[in-house]
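Student: I have a structure I would like to understand better, so I am pasting it below and will then ask my questions one at a time.
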Amino acid sequence: MTELERKQDRAPIPSRWEYATAPESREIVSLRERYGHFVGGEWLEPAESYQTIDPASEEPLAEVGQATDEEVQLAVRTAQDAFENGWSALPGSERAKYLYRIARILQERSREFAVLESLNGGKPIRESRDVDLPLSAAHFFYYAGWADKLEYAFPNRKPRPLGVAGQIIPWNFPLLMLAWKIAPALAAGNTVVLKPAETTPLSALLFCDVLRQAELPPGVVNIVTGDGRAGAALVKSDVAKIAFTGSTEVGKAIQRELAGTGKKLTLELGGKAANVIFDDAALDQAVEGIVNGIYFNQGHVCCAGSRLLVQESIYEPVISKLKRRLGTLRVGDPLDKNTDVGAINSRQQLDKIQELVRSGEEEGAEIYQPPCRLPEKGYWFVPTVFTNVAQSYRIAQEEIFGPVLSVLTFRTPDEAVEKANNTPYGLSAGVWTEKGSRILSMAQRLRAGVIWANTYNRFDPSSPFGGYRESGFGREGGLHGLEPYLDFE
Ligand code: NAD
């Protein structure tokens, strides 16, 4: 074919582009067969262990320790020694250097951590790469900046570290939750024993390598792995403070356990956030915000916008745009860079989602799921929308912690506020409108710790995060996030 013929070739423009996978290589991660607990800068051989798996394939990834009471106590004593013998007396500017180092190493090794986070947790690599890793590093950078300025941050209050902080985290943002906990604790001069969630211990164990690389003094950060039994042992141990992120049920049990002990406590618990769309909102952007609000990280997000409140006059266009958009979401291999919705974190979580979705259908809500082919192995759930939802339904009241949206409607701002606040939780909310005054008035009336306007699920280390009522108490992030790690005169 000559050049001229090629230009005149009238081959039809393809109406549909074939999808080509773009898998991230997992070669960059080298896992050991077996991990112990990280205590005093060394690996402690665990007495008991279990397999951690890849939820997208159900393949085992490594064997990790199930910490016994004695192992947890040893970690706490080690952290105490490290606190008393050097760390608490170190000038803030020296502590800051370690935090900066950790932040920089996380940036350097971010691809490795992102792949591991997706392998062990099931989240899309696009999210681990673009959200979890940059935010984790940003947290260490941010708190490094405060370490030598505590006297200025809390003038005339003589801030002092507490001692050993016991920290217990969930599986939805394993490395990011670790960063939220460890960075402020170290900046304030405490030492740490952290327990990651049982299904996602691997990024915390790889982080021990970062601690060694940064030459953090042994015993300043200790990591013990295992399920709730290890968490309960940490709560009972001789720590000065417990920082817990997880379910409301376990949070309440911890609060009961600590009552009267004088130990400090912060609880970051569940949520059932309202995402409120007014009729003057930019609809296409709002639909993107709805999708980001509930399908980000498979809906395994405590602040997920799981209750959509749409003003009645725009109900039809919003729902039809939303359904169309749902059809374009790609569910599947978490390591594929095209994937929008990855694997559900565990069989147990999948069972919980399925049970609540069944209850929604039985109670009379209308279910919509786009056509979607799911992989044969692993734990998966199709992005789901429920319409015709009454406020009393379980799917409108209980946290599903999965890719399931419940849609309700309202006519007036008063009705929106009433419905949004009709929940035992109070972690977050979203408001979509073009009127600044309406944003401000809604923000004052919605009972939630975080309120996003014309956006959703945005995080920044300088911005405090936390809830009211059954969503817990205490704040993480920002200056507020330092206070629970300090004593004052
Ligand atoms: P979970 O409460 O079962 O587990 C959280 C952590 O607590 C895990 O490490 C677990 O091993 C440990 N644990 C379990 N039982 C314990 C006990 N008796 N004593 C001490 N520790 C114990 O919660 P989950 O299912 O892993 O996480 C999902 C929940 O976490 C959701 O409800 C979600 O909303 C919440 N969450 C909240 C935030 C927030 O910042 N508010 C962030 C992420 C997740």
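Ligands are numbered from 1 in the order shown, residues from 1 within each chain, and chains are lettered A, B, ... in the order they appear in the structure tokens.
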Would you name the residues within 8 Å of ligand 1, counting only C-alpha atoms and all ligand atoms, and put them as a ChimeraX atom specification?
Tutor: /A:168-173,177,195-198,226-235,244-251,253-254,267-271,300-303,349,399,401,427,465-467,471-472
Student: Those residues you just picked out, can you put them in a file as a short mmCIF file (atom, residue, chain, number, x, y, z; two decimals), in the first residue's frame with N, CA and C atoms?
Tutor:
```cif
data_model
loop_
_atom_site.label_atom_id
_atom_site.label_comp_id
_atom_site.auth_asym_id
_atom_site.auth_seq_id
_atom_site.Cartn_x
_atom_site.Cartn_y
_atom_site.Cartn_z
N ILE A 168 -3.32 -0.94 67.64
CA ILE A 168 -4.00 -2.08 66.99
C ILE A 168 -4.71 -1.54 65.75
N ILE A 169 -4.43 -2.16 64.60
CA ILE A 169 -4.96 -1.58 63.35
C ILE A 169 -5.74 -2.62 62.52
N PRO A 170 -6.61 -2.14 61.62
CA PRO A 170 -7.42 -3.03 60.79
C PRO A 170 -6.75 -3.35 59.45
N TRP A 171 -7.48 -4.05 58.59
CA TRP A 171 -6.89 -4.60 57.36
C TRP A 171 -7.17 -3.78 56.11
N ASN A 172 -7.92 -2.69 56.23
CA ASN A 172 -8.33 -2.02 54.99
C ASN A 172 -7.26 -1.09 54.41
N PHE A 173 -6.43 -0.48 55.28
CA PHE A 173 -5.30 0.33 54.81
C PHE A 173 -4.10 -0.04 55.68
N MET A 177 -2.56 2.86 57.94
CA MET A 177 -2.97 2.89 59.36
C MET A 177 -1.75 2.77 60.27
N LYS A 195 0.18 -3.98 66.54
CA LYS A 195 -0.33 -5.25 66.03
C LYS A 195 -1.15 -5.02 64.77
N PRO A 196 -0.66 -5.50 63.62
CA PRO A 196 -1.48 -5.35 62.41
C PRO A 196 -2.64 -6.34 62.42
N ALA A 197 -3.57 -6.18 61.48
CA ALA A 197 -4.71 -7.10 61.41
C ALA A 197 -4.24 -8.48 60.95
N GLU A 198 -4.96 -9.50 61.34
CA GLU A 198 -4.50 -10.87 61.06
C GLU A 198 -4.44 -11.19 59.58
N GLY A 226 -0.85 -11.46 64.66
CA GLY A 226 -1.83 -12.42 65.19
C GLY A 226 -3.23 -11.82 65.19
N ASP A 227 -4.19 -12.62 65.61
CA ASP A 227 -5.58 -12.16 65.57
C ASP A 227 -5.98 -11.41 66.85
N GLY A 228 -7.28 -11.33 67.11
CA GLY A 228 -7.78 -10.55 68.24
C GLY A 228 -7.20 -10.96 69.59
N ARG A 229 -6.79 -12.22 69.70
CA ARG A 229 -6.22 -12.64 71.00
C ARG A 229 -4.95 -11.85 71.29
N ALA A 230 -4.15 -11.63 70.25
CA ALA A 230 -2.91 -10.86 70.44
C ALA A 230 -3.26 -9.40 70.76
N GLY A 231 -4.32 -8.89 70.10
CA GLY A 231 -4.77 -7.52 70.37
C GLY A 231 -5.23 -7.40 71.82
N ALA A 232 -6.00 -8.39 72.28
CA ALA A 232 -6.52 -8.34 73.65
C ALA A 232 -5.36 -8.40 74.64
N ALA A 233 -4.33 -9.19 74.34
CA ALA A 233 -3.17 -9.26 75.24
C ALA A 233 -2.46 -7.91 75.31
N LEU A 234 -2.40 -7.22 74.19
CA LEU A 234 -1.76 -5.91 74.17
C LEU A 234 -2.56 -4.91 75.01
N VAL A 235 -3.89 -4.99 74.90
CA VAL A 235 -4.75 -4.09 75.68
C VAL A 235 -4.53 -4.31 77.18
N PHE A 244 -6.62 2.42 68.96
CA PHE A 244 -7.27 1.32 68.26
C PHE A 244 -8.03 1.84 67.06
N THR A 245 -7.88 1.18 65.93
CA THR A 245 -8.75 1.42 64.78
C THR A 245 -9.35 0.08 64.40
N GLY A 246 -10.67 0.02 64.32
CA GLY A 246 -11.33 -1.23 63.98
C GLY A 246 -12.82 -1.12 64.20
N SER A 247 -13.44 -2.24 64.49
CA SER A 247 -14.90 -2.25 64.57
C SER A 247 -15.40 -1.63 65.89
N THR A 248 -16.62 -1.12 65.85
CA THR A 248 -17.23 -0.51 67.03
C THR A 248 -17.36 -1.53 68.15
N GLU A 249 -17.70 -2.76 67.76
CA GLU A 249 -17.88 -3.82 68.77
C GLU A 249 -16.60 -4.05 69.59
N VAL A 250 -15.47 -4.22 68.89
CA VAL A 250 -14.20 -4.45 69.60
C VAL A 250 -13.79 -3.17 70.34
N GLY A 251 -14.04 -2.02 69.74
CA GLY A 251 -13.71 -0.75 70.40
C GLY A 251 -14.41 -0.63 71.75
N ALA A 253 -15.46 -3.09 73.63
CA ALA A 253 -14.89 -4.07 74.55
C ALA A 253 -13.59 -3.52 75.14
N ILE A 254 -12.78 -2.85 74.30
CA ILE A 254 -11.51 -2.29 74.78
C ILE A 254 -11.79 -1.18 75.79
N LEU A 267 -10.11 5.80 69.99
CA LEU A 267 -10.84 4.80 69.22
C LEU A 267 -11.27 5.39 67.88
N GLU A 268 -10.84 4.75 66.81
CA GLU A 268 -11.33 5.12 65.47
C GLU A 268 -12.16 3.95 64.99
N LEU A 269 -13.48 4.11 64.95
CA LEU A 269 -14.34 2.95 64.73
C LEU A 269 -15.08 3.04 63.39
N GLY A 270 -16.25 2.46 63.34
CA GLY A 270 -16.96 2.34 62.05
C GLY A 270 -17.69 3.61 61.63
N GLY A 271 -18.40 3.50 60.52
CA GLY A 271 -19.17 4.64 60.02
C GLY A 271 -20.26 4.20 59.06
N HIS A 300 -14.19 -0.98 51.52
CA HIS A 300 -13.61 -1.28 52.84
C HIS A 300 -13.02 0.01 53.40
N VAL A 301 -13.88 0.97 53.65
CA VAL A 301 -13.41 2.28 54.10
C VAL A 301 -14.37 2.74 55.20
N CYS A 302 -13.80 3.06 56.38
CA CYS A 302 -14.66 3.42 57.50
C CYS A 302 -15.48 4.67 57.19
N CYS A 303 -14.91 5.59 56.38
CA CYS A 303 -15.62 6.83 56.09
C CYS A 303 -16.34 6.76 54.73
N GLN A 349 -15.22 -11.46 55.50
CA GLN A 349 -15.80 -10.18 55.13
C GLN A 349 -16.80 -10.37 53.97
N GLU A 399 -23.11 -0.84 59.03
CA GLU A 399 -21.95 -0.69 58.17
C GLU A 399 -21.73 -2.00 57.39
N PHE A 401 -19.29 -2.31 54.88
CA PHE A 401 -17.85 -2.39 54.64
C PHE A 401 -17.54 -3.19 53.37
N LEU A 427 -18.85 9.62 61.59
CA LEU A 427 -17.45 9.75 61.19
C LEU A 427 -17.27 10.77 60.06
N PHE A 465 -8.61 13.64 61.68
CA PHE A 465 -9.61 12.68 61.24
C PHE A 465 -10.12 11.93 62.46
N GLY A 466 -11.43 11.75 62.57
CA GLY A 466 -11.98 10.99 63.69
C GLY A 466 -13.47 11.24 63.81
N GLY A 467 -14.11 10.56 64.76
CA GLY A 467 -15.57 10.60 64.76
C GLY A 467 -16.21 10.99 66.07
N SER A 471 -18.68 6.10 66.28
CA SER A 471 -17.48 6.13 65.42
C SER A 471 -16.21 6.36 66.24
N GLY A 472 -16.34 6.52 67.55
CA GLY A 472 -15.15 6.62 68.40
C GLY A 472 -14.86 8.01 68.89
#
```
Student: What lies within 8 Å of Gly122 (chain A) using only C-alpha atoms, ignoring chain neighbours under 2 positions off, as a ChimeraX atom specification?
Tutor: /A:54-56,117-120,124,334,342-345
Student: Would you kindly return, as a PyMOL selection string, each protein, DNA or RNA residue with an atom no farther than 8 Å from any atom of Lys337 (chain A), considering only C-alpha atoms and excluding same-chain residues fewer than 6 positions away?
Tutor: chain A and resi 21-24+124-126
Student: Which one of A:Lys123, A:Lys263, A:Arg111, A:Arg469 sits closest to Asp487 (chain A) if you count only C-alpha atoms?
Tutor: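 Under the stated criterion, the closest residue is A:Lys263.
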Student: Within 10 Å of Met442 (chain A), counting only C-alpha atoms, which residues qualify if same-chain residues fewer than 6 places away don't, as a list of chain:residue names?
Tutor: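 Everything that qualifies: A:Val276, A:Pro413, A:Asp414, A:Ala416, A:Val417, A:Ala429, A:Gly430, A:Val431, A:Gly436, A:Ile451, A:Ala453.
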Student: Output N, CA and C atoms of each residue in that selection to a file, as a compact mmCIF listing (two decimals), in the first residue's frame.
Tutor:
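Wrote selection-v1.txt, looks like this:
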```txt
# COMPACT_ATOMS: atom_id res chain seq x y z
N VAL A 276 -24.49 13.61 50.40
CA VAL A 276 -25.73 14.34 50.10
C VAL A 276 -25.59 15.13 48.80
N PRO A 413 -33.37 20.76 52.55
CA PRO A 413 -32.14 20.62 53.34
C PRO A 413 -32.41 20.07 54.74
N ASP A 414 -33.54 20.49 55.36
CA ASP A 414 -33.85 19.99 56.71
C ASP A 414 -34.01 18.47 56.71
N ALA A 416 -32.72 16.45 54.55
CA ALA A 416 -31.40 15.84 54.29
C ALA A 416 -30.62 15.71 55.60
N VAL A 417 -30.64 16.79 56.40
CA VAL A 417 -29.89 16.78 57.66
C VAL A 417 -30.45 15.71 58.60
N ALA A 429 -19.10 12.74 56.17
CA ALA A 429 -20.25 13.04 55.31
C ALA A 429 -19.75 13.79 54.09
N GLY A 430 -20.56 13.80 53.04
CA GLY A 430 -20.22 14.57 51.83
C GLY A 430 -21.39 15.46 51.46
N VAL A 431 -21.08 16.65 50.93
CA VAL A 431 -22.13 17.57 50.48
C VAL A 431 -21.78 18.02 49.08
N GLY A 436 -21.78 27.96 48.26
CA GLY A 436 -20.88 27.93 49.41
C GLY A 436 -21.64 28.05 50.72
N ILE A 451 -16.17 16.40 57.05
CA ILE A 451 -17.18 16.68 56.02
C ILE A 451 -16.49 17.16 54.76
N ALA A 453 -16.73 18.65 50.88
CA ALA A 453 -17.64 19.42 50.04
C ALA A 453 -17.18 19.29 48.59
```
Student: Could you check which of A:Lys181, A:Pro461, A:Gly474, A:Ala243 is closest to Phe141 (chain A), using only C-alpha atoms?
Tutor: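 So, comparing all the options, the nearest one is A:Pro461.
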